[in-house]
$ cat final.pdb   # PDB, C-alpha atoms
ATOM      1  CA  MET M  27      29.081 135.018 -29.407
ATOM      2  CA  ALA M  28      25.481 134.019 -29.226
ATOM      3  CA  VAL M  29      26.443 131.053 -27.021
ATOM      4  CA  ALA M  30      28.454 133.272 -24.715
ATOM      5  CA  MET M  31      25.677 135.761 -24.401
ATOM      6  CA  ALA M  32      23.085 133.090 -23.727
ATOM      7  CA  SER M  33      25.212 131.373 -21.078
ATOM      8  CA  SER M  34      25.843 134.628 -19.228
ATOM      9  CA  GLY M  35      22.141 135.051 -18.503
ATOM     10  CA  SER M  36      22.129 138.531 -20.057
ATOM     11  CA  ASN M  37      18.807 140.102 -21.053
ATOM     12  CA  PHE M  38      20.364 141.529 -24.136
ATOM     13  CA  GLY M  39      19.357 140.058 -27.435
ATOM     14  CA  LEU M  40      21.485 139.439 -30.419
ATOM     15  CA  TYR M  41      22.913 142.573 -31.854
ATOM     16  CA  SER M  42      24.667 142.799 -35.074
ATOM     17  CA  ASN M  43      26.521 145.910 -33.989
ATOM     18  CA  LEU M  44      29.520 144.818 -31.890
ATOM     19  CA  LYS M  45      30.338 148.360 -30.885
ATOM     20  CA  THR M  46      27.055 148.671 -29.044
ATOM     21  CA  MET M  47      27.948 145.595 -27.000
ATOM     22  CA  GLU M  48      31.418 146.917 -26.226
ATOM     23  CA  LYS M  49      29.882 150.058 -24.678
ATOM     24  CA  GLN M  50      27.924 148.038 -22.201
ATOM     25  CA  PRO M  51      29.325 147.751 -18.674
ATOM     26  CA  SER M  52      31.248 144.643 -17.753
ATOM     27  CA  LEU M  53      28.984 141.749 -17.064
ATOM     28  CA  ARG M  54      29.088 139.746 -13.860
ATOM     29  CA  ALA M  55      29.986 136.063 -13.915
ATOM     30  CA  ALA M  56      27.122 133.764 -14.678
ATOM     31  CA  PRO M  57      27.235 130.085 -13.808
ATOM     32  CA  PHE M  58      27.668 127.464 -16.519
ATOM     33  CA  ILE M  59      25.717 124.418 -15.415
ATOM     34  CA  CYS M  60      26.973 120.914 -16.350
ATOM     35  CA  SER M  61      25.242 117.692 -15.303
ATOM     36  CA  PHE M  62      26.538 114.121 -15.722
ATOM     37  CA  GLY M  63      23.705 112.169 -14.183
ATOM     38  CA  LEU M  64      24.879 113.288 -10.745
ATOM     39  CA  ASP M  65      24.468 116.583  -8.904
ATOM     40  CA  PRO M  66      24.748 119.570 -11.221
ATOM     41  CA  VAL M  67      28.193 121.144 -11.332
ATOM     42  CA  GLN M  68      28.338 124.912 -11.644
ATOM     43  CA  LEU M  69      31.361 126.450 -13.328
ATOM     44  CA  PRO M  70      31.688 130.205 -13.639
ATOM     45  CA  CYS M  71      32.094 131.380 -17.196
ATOM     46  CA  ILE M  72      33.650 134.873 -16.965
ATOM     47  CA  ILE M  73      33.256 137.259 -19.828
ATOM     48  CA  PRO M  74      36.402 139.365 -19.789
ATOM     49  CA  ARG M  75      36.565 143.122 -19.876
ATOM     50  CA  ARG M  76      36.887 145.116 -23.008
ATOM     51  CA  SER M  77      40.622 145.456 -22.749
ATOM     52  CA  THR M  78      41.221 141.689 -22.243
ATOM     53  CA  PRO M  79      41.240 139.375 -25.268
ATOM     54  CA  VAL M  80      38.256 137.084 -25.424
ATOM     55  CA  ILE M  81      39.020 133.411 -24.526
ATOM     56  CA  TRP M  82      36.490 130.896 -25.704
ATOM     57  CA  PHE M  83      36.168 127.583 -23.816
ATOM     58  CA  ASP M  84      35.924 124.358 -25.757
ATOM     59  CA  VAL M  85      32.824 122.835 -24.188
ATOM     60  CA  GLN M  86      33.588 119.263 -25.396
ATOM     61  CA  VAL M  87      37.080 119.275 -23.851
ATOM     62  CA  LEU M  88      35.680 120.638 -20.611
ATOM     63  CA  VAL M  89      32.987 117.979 -20.467
ATOM     64  CA  ALA M  90      35.555 115.220 -21.153
ATOM     65  CA  ARG M  91      37.839 116.424 -18.370
ATOM     66  CA  LEU M  92      34.973 116.695 -15.911
ATOM     67  CA  SER M  93      33.830 113.198 -16.833
ATOM     68  CA  PHE M  94      37.342 111.838 -16.200
ATOM     69  CA  TYR M  95      37.566 113.383 -12.729
ATOM     70  CA  VAL M  96      34.053 112.253 -11.780
ATOM     71  CA  LEU M  97      34.778 108.663 -12.874
ATOM     72  CA  LEU M  98      38.111 108.708 -11.019
ATOM     73  CA  PHE M  99      36.361 109.886  -7.868
ATOM     74  CA  LEU M 100      33.698 107.189  -8.163
ATOM     75  CA  ARG M 101      36.345 104.490  -8.753
ATOM     76  CA  VAL M 102      38.326 105.457  -5.657
ATOM     77  CA  SER M 103      35.176 105.599  -3.543
ATOM     78  CA  LEU M 104      33.968 102.221  -4.805
ATOM     79  CA  SER M 105      37.370 100.608  -4.210
ATOM     80  CA  SER M 106      37.471 101.865  -0.634
ATOM     81  CA  SER M 107      33.973 100.621   0.138
ATOM     82  CA  THR M 108      34.725  97.214  -1.422
ATOM     83  CA  SER M 109      37.921  96.830   0.627
ATOM     84  CA  ALA M 110      36.040  97.672   3.781
ATOM     85  CA  PHE M 111      33.361  95.126   2.928
ATOM     86  CA  ILE M 112      35.901  92.367   2.226
ATOM     87  CA  SER M 113      37.850  93.026   5.385
ATOM     88  CA  LYS M 114      34.687  92.546   7.419
ATOM     89  CA  ALA M 115      33.730  89.273   5.748
ATOM     90  CA  SER M 116      33.922  86.250   8.038
ATOM     91  CA  PRO M 117      36.468  83.565   7.057
ATOM     92  CA  THR M 118      35.381  80.156   5.780
ATOM     93  CA  PRO M 119      34.972  77.825   8.768
ATOM     94  CA  ALA M 120      37.371  74.897   8.921
ATOM     95  CA  VAL M 121      35.962  71.382   8.759
ATOM     96  CA  GLU M 122      36.567  69.505  11.962
ATOM     97  CA  ASN M 123      38.219  66.106  12.073
ATOM     98  CA  GLY M 124      39.043  66.155   8.375
ATOM     99  CA  SER M 125      35.496  65.218   7.395
ATOM    100  CA  SER M 126      35.874  67.047   4.102
ATOM    101  CA  GLN M 127      38.530  64.533   3.051
ATOM    102  CA  GLU M 128      37.319  61.353   4.608
ATOM    103  CA  THR M 129      39.243  58.246   3.596
ATOM    104  CA  ASP M 130      37.711  54.846   4.031
ATOM    105  CA  ALA M 131      40.556  52.619   5.263
ATOM    106  CA  VAL M 132      40.818  49.262   3.513
ATOM    107  CA  PRO M 133      40.248  46.439   6.023
ATOM    108  CA  THR M 134      42.517  43.419   6.317
ATOM    109  CA  PRO M 135      41.271  40.430   4.269
ATOM    110  CA  ILE M 136      41.120  37.208   6.288
ATOM    111  CA  VAL M 137      40.671  33.714   4.877
ATOM    112  CA  ILE M 138      40.463  30.821   7.365
ATOM    113  CA  ILE M 139      40.523  27.145   6.421
ATOM    114  CA  ASP M 140      39.475  25.149   9.477
ATOM    115  CA  GLN M 141      39.866  21.382   9.665
ATOM    116  CA  ASP M 142      39.166  21.088  13.406
ATOM    117  CA  SER M 143      35.684  22.496  14.002
ATOM    118  CA  ASP M 144      33.643  20.005  11.977
ATOM    119  CA  PRO M 145      34.560  16.297  11.664
ATOM    120  CA  ASP M 146      32.579  15.919   8.439
ATOM    121  CA  ALA M 147      33.323  19.108   6.509
ATOM    122  CA  THR M 148      36.037  21.671   5.901
ATOM    123  CA  ILE M 149      35.008  25.081   7.239
ATOM    124  CA  VAL M 150      36.009  28.127   5.216
ATOM    125  CA  GLU M 151      35.564  31.616   6.673
ATOM    126  CA  ILE M 152      36.078  34.856   4.751
ATOM    127  CA  THR M 153      36.175  38.341   6.259
ATOM    128  CA  PHE M 154      36.817  41.673   4.572
ATOM    129  CA  GLY M 155      35.301  44.277   6.853
ATOM    130  CA  ASP M 156      31.681  44.794   5.851
ATOM    131  CA  ARG M 157      32.349  44.807   2.093
ATOM    132  CA  LEU M 158      31.487  41.233   1.169
ATOM    133  CA  GLY M 159      28.167  40.247  -0.347
ATOM    134  CA  ALA M 160      26.657  36.797  -0.762
ATOM    135  CA  LEU M 161      29.868  35.502  -2.446
ATOM    136  CA  LEU M 162      27.940  33.581  -5.079
ATOM    137  CA  ASP M 163      30.870  33.800  -7.478
ATOM    138  CA  THR M 164      33.186  32.353  -4.843
ATOM    139  CA  MET M 165      30.847  29.425  -4.217
ATOM    140  CA  ASN M 166      30.608  28.752  -7.951
ATOM    141  CA  ALA M 167      34.416  28.840  -8.187
ATOM    142  CA  LEU M 168      34.656  26.302  -5.358
ATOM    143  CA  LYS M 169      32.176  24.038  -7.120
ATOM    144  CA  SER M 170      34.413  24.084 -10.174
ATOM    145  CA  LEU M 171      37.104  22.472  -7.982
ATOM    146  CA  GLY M 172      34.858  19.436  -7.417
ATOM    147  CA  LEU M 173      33.515  20.673  -4.080
ATOM    148  CA  ASN M 174      30.072  21.054  -2.576
ATOM    149  CA  VAL M 175      29.047  23.907  -0.304
ATOM    150  CA  VAL M 176      26.763  22.047   2.082
ATOM    151  CA  LYS M 177      26.138  24.899   4.505
ATOM    152  CA  ALA M 178      26.675  28.651   4.586
ATOM    153  CA  ASN M 179      25.972  31.317   7.150
ATOM    154  CA  VAL M 180      26.863  34.912   7.921
ATOM    155  CA  TYR M 181      27.415  36.637  11.232
ATOM    156  CA  LEU M 182      28.559  40.085  12.296
ATOM    157  CA  ASP M 183      30.851  41.222  15.056
ATOM    158  CA  SER M 184      33.173  44.125  15.787
ATOM    159  CA  SER M 185      35.670  42.950  13.165
ATOM    160  CA  GLY M 186      33.109  42.949  10.345
ATOM    161  CA  LYS M 187      30.987  40.527   8.356
ATOM    162  CA  HIS M 188      31.991  36.853   8.438
ATOM    163  CA  ASN M 189      30.949  34.483   5.647
ATOM    164  CA  LYS M 190      31.300  30.810   6.593
ATOM    165  CA  PHE M 191      30.966  27.776   4.312
ATOM    166  CA  ALA M 192      30.996  24.069   5.059
ATOM    167  CA  ILE M 193      32.675  22.305   2.155
ATOM    168  CA  THR M 194      32.909  18.652   1.200
ATOM    169  CA  GLN M 195      34.323  16.798  -1.768
ATOM    170  CA  ALA M 196      31.677  16.122  -4.388
ATOM    171  CA  SER M 197      33.122  12.676  -5.145
ATOM    172  CA  THR M 198      33.166  11.334  -1.570
ATOM    173  CA  GLY M 199      30.934  13.681   0.431
ATOM    174  CA  ARG M 200      33.685  13.977   3.022
ATOM    175  CA  LYS M 201      35.884  16.836   4.179
ATOM    176  CA  VAL M 202      38.926  17.848   2.180
ATOM    177  CA  ASP M 203      42.150  16.124   3.263
ATOM    178  CA  GLU M 204      44.602  16.738   0.436
ATOM    179  CA  PRO M 205      46.955  19.700   1.058
ATOM    180  CA  GLU M 206      46.976  20.514  -2.669
ATOM    181  CA  LEU M 207      43.191  20.872  -2.765
ATOM    182  CA  LEU M 208      43.157  22.912   0.437
ATOM    183  CA  GLU M 209      45.720  25.274  -1.098
ATOM    184  CA  ALA M 210      43.615  25.474  -4.256
ATOM    185  CA  ILE M 211      40.606  26.480  -2.140
ATOM    186  CA  ARG M 212      42.626  29.209  -0.449
ATOM    187  CA  LEU M 213      44.041  30.614  -3.682
ATOM    188  CA  THR M 214      40.622  30.506  -5.383
ATOM    189  CA  ILE M 215      39.081  32.583  -2.616
ATOM    190  CA  ILE M 216      41.946  35.098  -2.676
ATOM    191  CA  ASN M 217      41.735  35.324  -6.473
ATOM    192  CA  ASN M 218      38.034  36.199  -6.223
ATOM    193  CA  LEU M 219      38.819  38.850  -3.628
ATOM    194  CA  LEU M 220      41.354  40.408  -5.994
ATOM    195  CA  GLU M 221      38.890  40.283  -8.884
ATOM    196  CA  PHE M 222      35.746  41.625  -7.220
ATOM    197  CA  HIS M 223      37.456  43.808  -4.591
ATOM    198  CA  PRO M 224      40.571  45.240  -6.290
ATOM    199  CA  GLU M 225      41.296  47.400  -3.251
ATOM    200  CA  SER M 226      42.157  44.241  -1.309
ATOM    201  CA  SER M 227      45.318  43.734  -3.394
ATOM    202  CA  ALA M 228      47.121  46.379  -1.341
ATOM    203  CA  ARG M 229      46.579  44.231   1.763
ATOM    204  CA  LEU M 230      47.363  40.783   0.335
ATOM    205  CA  ALA M 231      50.690  39.151  -0.484
ATOM    206  CA  MET M 232      49.138  37.824  -3.702
ATOM    207  CA  GLY M 233      48.586  41.440  -4.753
ATOM    208  CA  VAL M 234      52.254  41.655  -5.752
ATOM    209  CA  ALA M 235      51.758  39.263  -8.667
ATOM    210  CA  PHE M 236      48.016  39.247  -9.309
ATOM    211  CA  GLY M 237      46.544  42.430  -7.845
ATOM    212  CA  ALA M 238      45.846  45.865  -9.253
ATOM    213  CA  THR M 239      47.846  47.600  -6.522
ATOM    214  CA  PRO M 240      50.748  45.799  -4.837
ATOM    215  CA  PRO M 241      51.240  46.234  -1.078
ATOM    216  CA  SER M 242      53.131  49.388  -0.199
ATOM    217  CA  GLU M 243      55.144  47.514   2.433
ATOM    218  CA  GLN M 244      56.787  44.116   2.239
ATOM    219  CA  VAL M 245      57.049  41.718   5.156
ATOM    220  CA  ASP M 246      60.543  40.849   6.378
ATOM    221  CA  VAL M 247      60.487  37.060   6.402
ATOM    222  CA  ASP M 248      63.202  36.779   9.068
ATOM    223  CA  ILE M 249      61.257  38.992  11.443
ATOM    224  CA  ALA M 250      57.802  37.657  10.648
ATOM    225  CA  THR M 251      58.645  33.957  10.878
ATOM    226  CA  HIS M 252      57.859  32.265  14.211
ATOM    227  CA  VAL M 253      57.693  28.516  14.842
ATOM    228  CA  HIS M 254      56.633  26.947  18.135
ATOM    229  CA  VAL M 255      55.727  23.399  19.216
ATOM    230  CA  TYR M 256      53.571  22.819  22.297
ATOM    231  CA  ASP M 257      52.409  19.716  24.150
ATOM    232  CA  ASP M 258      48.744  19.329  23.429
ATOM    233  CA  SER M 259      47.879  15.836  24.717
ATOM    234  CA  PRO M 260      49.587  12.456  25.097
ATOM    235  CA  GLU M 261      48.536  11.598  21.560
ATOM    236  CA  GLN M 262      49.469  14.778  19.740
ATOM    237  CA  SER M 263      51.382  18.062  19.824
ATOM    238  CA  LEU M 264      50.379  21.503  18.560
ATOM    239  CA  LEU M 265      52.564  23.127  15.924
ATOM    240  CA  VAL M 266      52.101  26.891  15.452
ATOM    241  CA  VAL M 267      53.672  28.657  12.458
ATOM    242  CA  GLU M 268      53.498  32.314  11.480
ATOM    243  CA  THR M 269      55.295  33.709   8.437
ATOM    244  CA  ALA M 270      54.955  35.831   5.309
ATOM    245  CA  ASP M 271      52.267  34.529   3.003
ATOM    246  CA  ARG M 272      52.944  33.293  -0.533
ATOM    247  CA  PRO M 273      51.321  30.911  -3.017
ATOM    248  CA  GLY M 274      51.786  27.225  -2.254
ATOM    249  CA  LEU M 275      52.740  27.820   1.364
ATOM    250  CA  LEU M 276      50.230  25.364   2.814
ATOM    251  CA  VAL M 277      51.458  22.528   0.594
ATOM    252  CA  ASP M 278      55.099  23.289   1.404
ATOM    253  CA  LEU M 279      54.497  23.289   5.165
ATOM    254  CA  VAL M 280      52.771  19.918   5.101
ATOM    255  CA  LYS M 281      55.507  18.463   2.915
ATOM    256  CA  ILE M 282      58.286  19.568   5.298
ATOM    257  CA  ILE M 283      56.443  18.119   8.276
ATOM    258  CA  THR M 284      55.790  14.768   6.639
ATOM    259  CA  ASP M 285      59.356  14.539   5.291
ATOM    260  CA  ILE M 286      60.618  13.983   8.841
ATOM    261  CA  ASN M 287      57.999  11.267   9.462
ATOM    262  CA  ILE M 288      55.618  13.467  11.470
ATOM    263  CA  ALA M 289      51.914  13.029  10.756
ATOM    264  CA  VAL M 290      49.507  15.947  10.371
ATOM    265  CA  LYS M 291      46.177  14.968  11.923
ATOM    266  CA  SER M 292      44.215  18.188  11.499
ATOM    267  CA  GLY M 293      44.718  21.908  11.649
ATOM    268  CA  GLU M 294      43.786  25.408  10.637
ATOM    269  CA  PHE M 295      45.395  27.663   8.075
ATOM    270  CA  ASP M 296      44.689  31.404   8.233
ATOM    271  CA  THR M 297      45.567  34.097   5.732
ATOM    272  CA  GLU M 298      45.515  37.501   7.438
ATOM    273  CA  GLY M 299      46.592  40.156   4.999
ATOM    274  CA  LEU M 300      50.295  39.724   4.275
ATOM    275  CA  LEU M 301      50.758  37.019   6.909
ATOM    276  CA  ALA M 302      49.941  33.331   7.067
ATOM    277  CA  LYS M 303      49.202  31.604  10.376
ATOM    278  CA  ALA M 304      48.940  27.846  10.678
ATOM    279  CA  LYS M 305      48.076  25.516  13.541
ATOM    280  CA  PHE M 306      48.609  21.800  13.028
ATOM    281  CA  HIS M 307      47.915  18.900  15.335
ATOM    282  CA  VAL M 308      50.883  16.603  14.735
ATOM    283  CA  SER M 309      52.109  13.299  16.119
ATOM    284  CA  TYR M 310      54.950  10.836  15.742
ATOM    285  CA  LYS M 311      53.853   7.185  15.623
ATOM    286  CA  GLY M 312      50.562   8.070  17.298
ATOM    287  CA  LYS M 313      52.193   9.888  20.185
ATOM    288  CA  ALA M 314      53.020  13.461  21.062
ATOM    289  CA  ILE M 315      56.353  14.675  19.733
ATOM    290  CA  ILE M 316      59.212  14.476  22.207
ATOM    291  CA  LYS M 317      61.376  17.540  22.884
ATOM    292  CA  PRO M 318      64.371  16.632  20.671
ATOM    293  CA  LEU M 319      62.083  15.955  17.740
ATOM    294  CA  GLN M 320      60.193  19.171  18.430
ATOM    295  CA  GLN M 321      63.477  21.034  18.052
ATOM    296  CA  VAL M 322      64.254  19.265  14.799
ATOM    297  CA  LEU M 323      60.821  20.130  13.421
ATOM    298  CA  ALA M 324      61.055  23.789  14.449
ATOM    299  CA  ASN M 325      64.569  24.197  13.028
ATOM    300  CA  SER M 326      63.595  22.570   9.733
ATOM    301  CA  LEU M 327      60.635  24.904   9.277
ATOM    302  CA  ARG M 328      62.623  28.015  10.232
ATOM    303  CA  TYR M 329      65.367  27.139   7.777
ATOM    304  CA  PHE M 330      62.948  26.520   4.939
ATOM    305  CA  LEU M 331      60.857  29.662   5.559
ATOM    306  CA  ARG M 332      63.794  32.016   6.094
ATOM    307  CA  ARG M 333      66.187  30.761   3.435
ATOM    308  CA  PRO M 334      66.732  33.031   0.397
ATOM    309  CA  SER M 335      64.742  32.000  -2.659
ATOM    310  CA  THR M 336      67.587  31.025  -5.004
ATOM    311  CA  GLU M 337      66.981  28.928  -8.058
ATOM    312  CA  GLU M 338      68.916  25.687  -8.237
ATOM    313  CA  ALA M 339      69.941  26.491 -11.802
ATOM    314  CA  SER M 340      72.039  29.391 -10.483
ATOM    315  CA  PHE M 341      74.525  26.897  -9.042
TER     316      PHE M 341
END

$ encode --input "final.pdb" --output "structure tokens"
Amino acid sequence: MAVAMASSGSNFGLYSNLKTMEKQPSLRAAPFICSFGLDPVQLPCIIPRRSTPVIWFDVQVLVARLSFYVLLFLRVSLSSSTSAFISKASPTPAVENGSSQETDAVPTPIVIIDQDSDPDATIVEITFGDRLGALLDTMNALKSLGLNVVKANVYLDSSGKHNKFAITQASTGRKVDEPELLEAIRLTIINNLLEFHPESSARLAMGVAFGATPPSEQVDVDIATHVHVYDDSPEQSLLVVETADRPGLLVDLVKIITDINIAVKSGEFDTEGLLAKAKFHVSYKGKAIIKPLQQVLANSLRYFLRRPSTEEASF
């Protein structure tokens, strides 16, 4: 009762005699002020007439309900303002030309063994884009084959960085003539590429057996094999061969040519990725090869390069 009287703003004090209070005229509604850290909320607290039973409000329940509605109102307002803010946010700009996912394409490894350019030395040229360094390990590997690197230079062009070496045999000081040693030079260089540049294995035929990542595509030997013989001079003819690369190819080509009594005077053997390209200056008894013999030579090479690799033991 004391709380009700105080909240009504009445000037009456506390009276112990309830009858005296009942005789008083009905009181007007006085506001009940509640504040939750926001604007004050006024709720009328009506003191009923004498004939109406007195209903007492539970202040804690009232405060809890008001708190719930205030929080619900704030949550809805905050959600609406957040949605409006997000809808106005500018989208993330797209990266042009795929620069966010740039992929550095692996260049084609090229190894050239040239027997024509220098009469006194075998010229070896290695290109792998601009990824090659001084190739000290390659030169040391060549020395282990009994060779001397007598000259080395580097030049750049649109295709990349070219490392060139002039090689001679340590025992004679002359250029390399044996097909077996020339093939060993080629395979040694390719092996060093696979070891120090593992990414090159996906672009080399040797990557199938010795590389970290084999080539994703295989060369069709029937399609890739081309053999042509041209008249070069009265003393020699030019044999041009292009086919799928594999270990020992240089030795096999020279063997097939010499088996039909044709001499190999000089030439160039190139390894370009999965392909091998060879140019040989050939002659028959010191003269250029006549047309019928040219046809025999071309047919022999095509048959050997395109035939299926079947082991003799299978027969």

$ closest_residue --input "final.pdb" --among "M:Gln141, M:Thr153, M:Asn189, M:Gln244" --to "M:Thr297" --atoms "only C-alpha atoms"
M:Thr153

$ residues_around --input "final.pdb" --residues "M:Lys169" --least-positions-apart "4" --cutoff "12 Å" --atoms "only C-alpha atoms" --output "mmCIF file with C-alpha atoms, in the coordinates of the input"
data_model
loop_
_atom_site.group_PDB
_atom_site.id
_atom_site.type_symbol
_atom_site.label_atom_id
_atom_site.label_comp_id
_atom_site.auth_asym_id
_atom_site.auth_seq_id
_atom_site.Cartn_x
_atom_site.Cartn_y
_atom_site.Cartn_z
ATOM 1 C CA LEU M 162 27.940 33.581 -5.079
ATOM 2 C CA ASP M 163 30.870 33.800 -7.478
ATOM 3 C CA THR M 164 33.186 32.353 -4.843
ATOM 4 C CA MET M 165 30.847 29.425 -4.217
ATOM 5 C CA LEU M 173 33.515 20.673 -4.080
ATOM 6 C CA ASN M 174 30.072 21.054 -2.576
ATOM 7 C CA VAL M 175 29.047 23.907 -0.304
ATOM 8 C CA VAL M 176 26.763 22.047 2.082
ATOM 9 C CA ILE M 193 32.675 22.305 2.155
ATOM 10 C CA THR M 194 32.909 18.652 1.200
ATOM 11 C CA GLN M 195 34.323 16.798 -1.768
ATOM 12 C CA ALA M 196 31.677 16.122 -4.388
ATOM 13 C CA SER M 197 33.122 12.676 -5.145
ATOM 14 C CA ALA M 210 43.615 25.474 -4.256
ATOM 15 C CA ILE M 211 40.606 26.480 -2.140
ATOM 16 C CA THR M 214 40.622 30.506 -5.383
ATOM 17 C CA ILE M 215 39.081 32.583 -2.616
#

$ resolve_selection --input "final.pdb" --expression "the PyMOL selection byres ((chain M and resi 256-260) around 12)" --output "PyMOL selection string"
chain M and resi 253-255+261-267+305-317+319-321+323-324

$ atom_distance --input "final.pdb" --atom1 "atom CA of M:Pro318" --atom2 "atom CA of M:Asp248"
23.3 Å

$ residues_near_point --input "final.pdb" --point "(37.8, 27.9, 9.9)" --cutoff "8 Å" --atoms "all atoms listed in the file" --output "list in words"
Ile138, Ile139, Asp140, Gln141, Asp142, Ser143, Thr148, Ile149, Val150, Glu151, Lys190, Glu294, Phe295 and Asp296 of chain M

$ write_last_selection --input "final.pdb" --atoms "C-alpha atoms" --output "PDB file, in the frame of the given file"
ATOM      1  CA  ILE M 138      40.463  30.821   7.365  1.00  0.00           C
ATOM      2  CA  ILE M 139      40.523  27.145   6.421  1.00  0.00           C
ATOM      3  CA  ASP M 140      39.475  25.149   9.477  1.00  0.00           C
ATOM      4  CA  GLN M 141      39.866  21.382   9.665  1.00  0.00           C
ATOM      5  CA  ASP M 142      39.166  21.088  13.406  1.00  0.00           C
ATOM      6  CA  SER M 143      35.684  22.496  14.002  1.00  0.00           C
ATOM      7  CA  THR M 148      36.037  21.671   5.901  1.00  0.00           C
ATOM      8  CA  ILE M 149      35.008  25.081   7.239  1.00  0.00           C
ATOM      9  CA  VAL M 150      36.009  28.127   5.216  1.00  0.00           C
ATOM     10  CA  GLU M 151      35.564  31.616   6.673  1.00  0.00           C
ATOM     11  CA  LYS M 190      31.300  30.810   6.593  1.00  0.00           C
ATOM     12  CA  GLU M 294      43.786  25.408  10.637  1.00  0.00           C
ATOM     13  CA  PHE M 295      45.395  27.663   8.075  1.00  0.00           C
ATOM     14  CA  ASP M 296      44.689  31.404   8.233  1.00  0.00           C
TER      15      ASP M 296
END

$ closest_residue --input "final.pdb" --among "M:Val202, M:Leu207, M:Leu171, M:Val277" --to "M:Ala304" --atoms "only C-alpha atoms"
M:Val277

$ resolve_selection --input "final.pdb" --expression "the PyMOL selection byres ((chain M and resi 330) around 12)" --output "list of chain:residue names"
M:Val247, M:Asp248, M:Thr251, M:Val253, M:Thr269, M:Leu275, M:Asp278, M:Leu279, M:Lys281, M:Ile282, M:Ile283, M:Leu323, M:Ala324, M:Asn325, M:Ser326, M:Leu327, M:Arg328, M:Tyr329, M:Leu331, M:Arg332, M:Arg333, M:Pro334, M:Ser335, M:Thr336
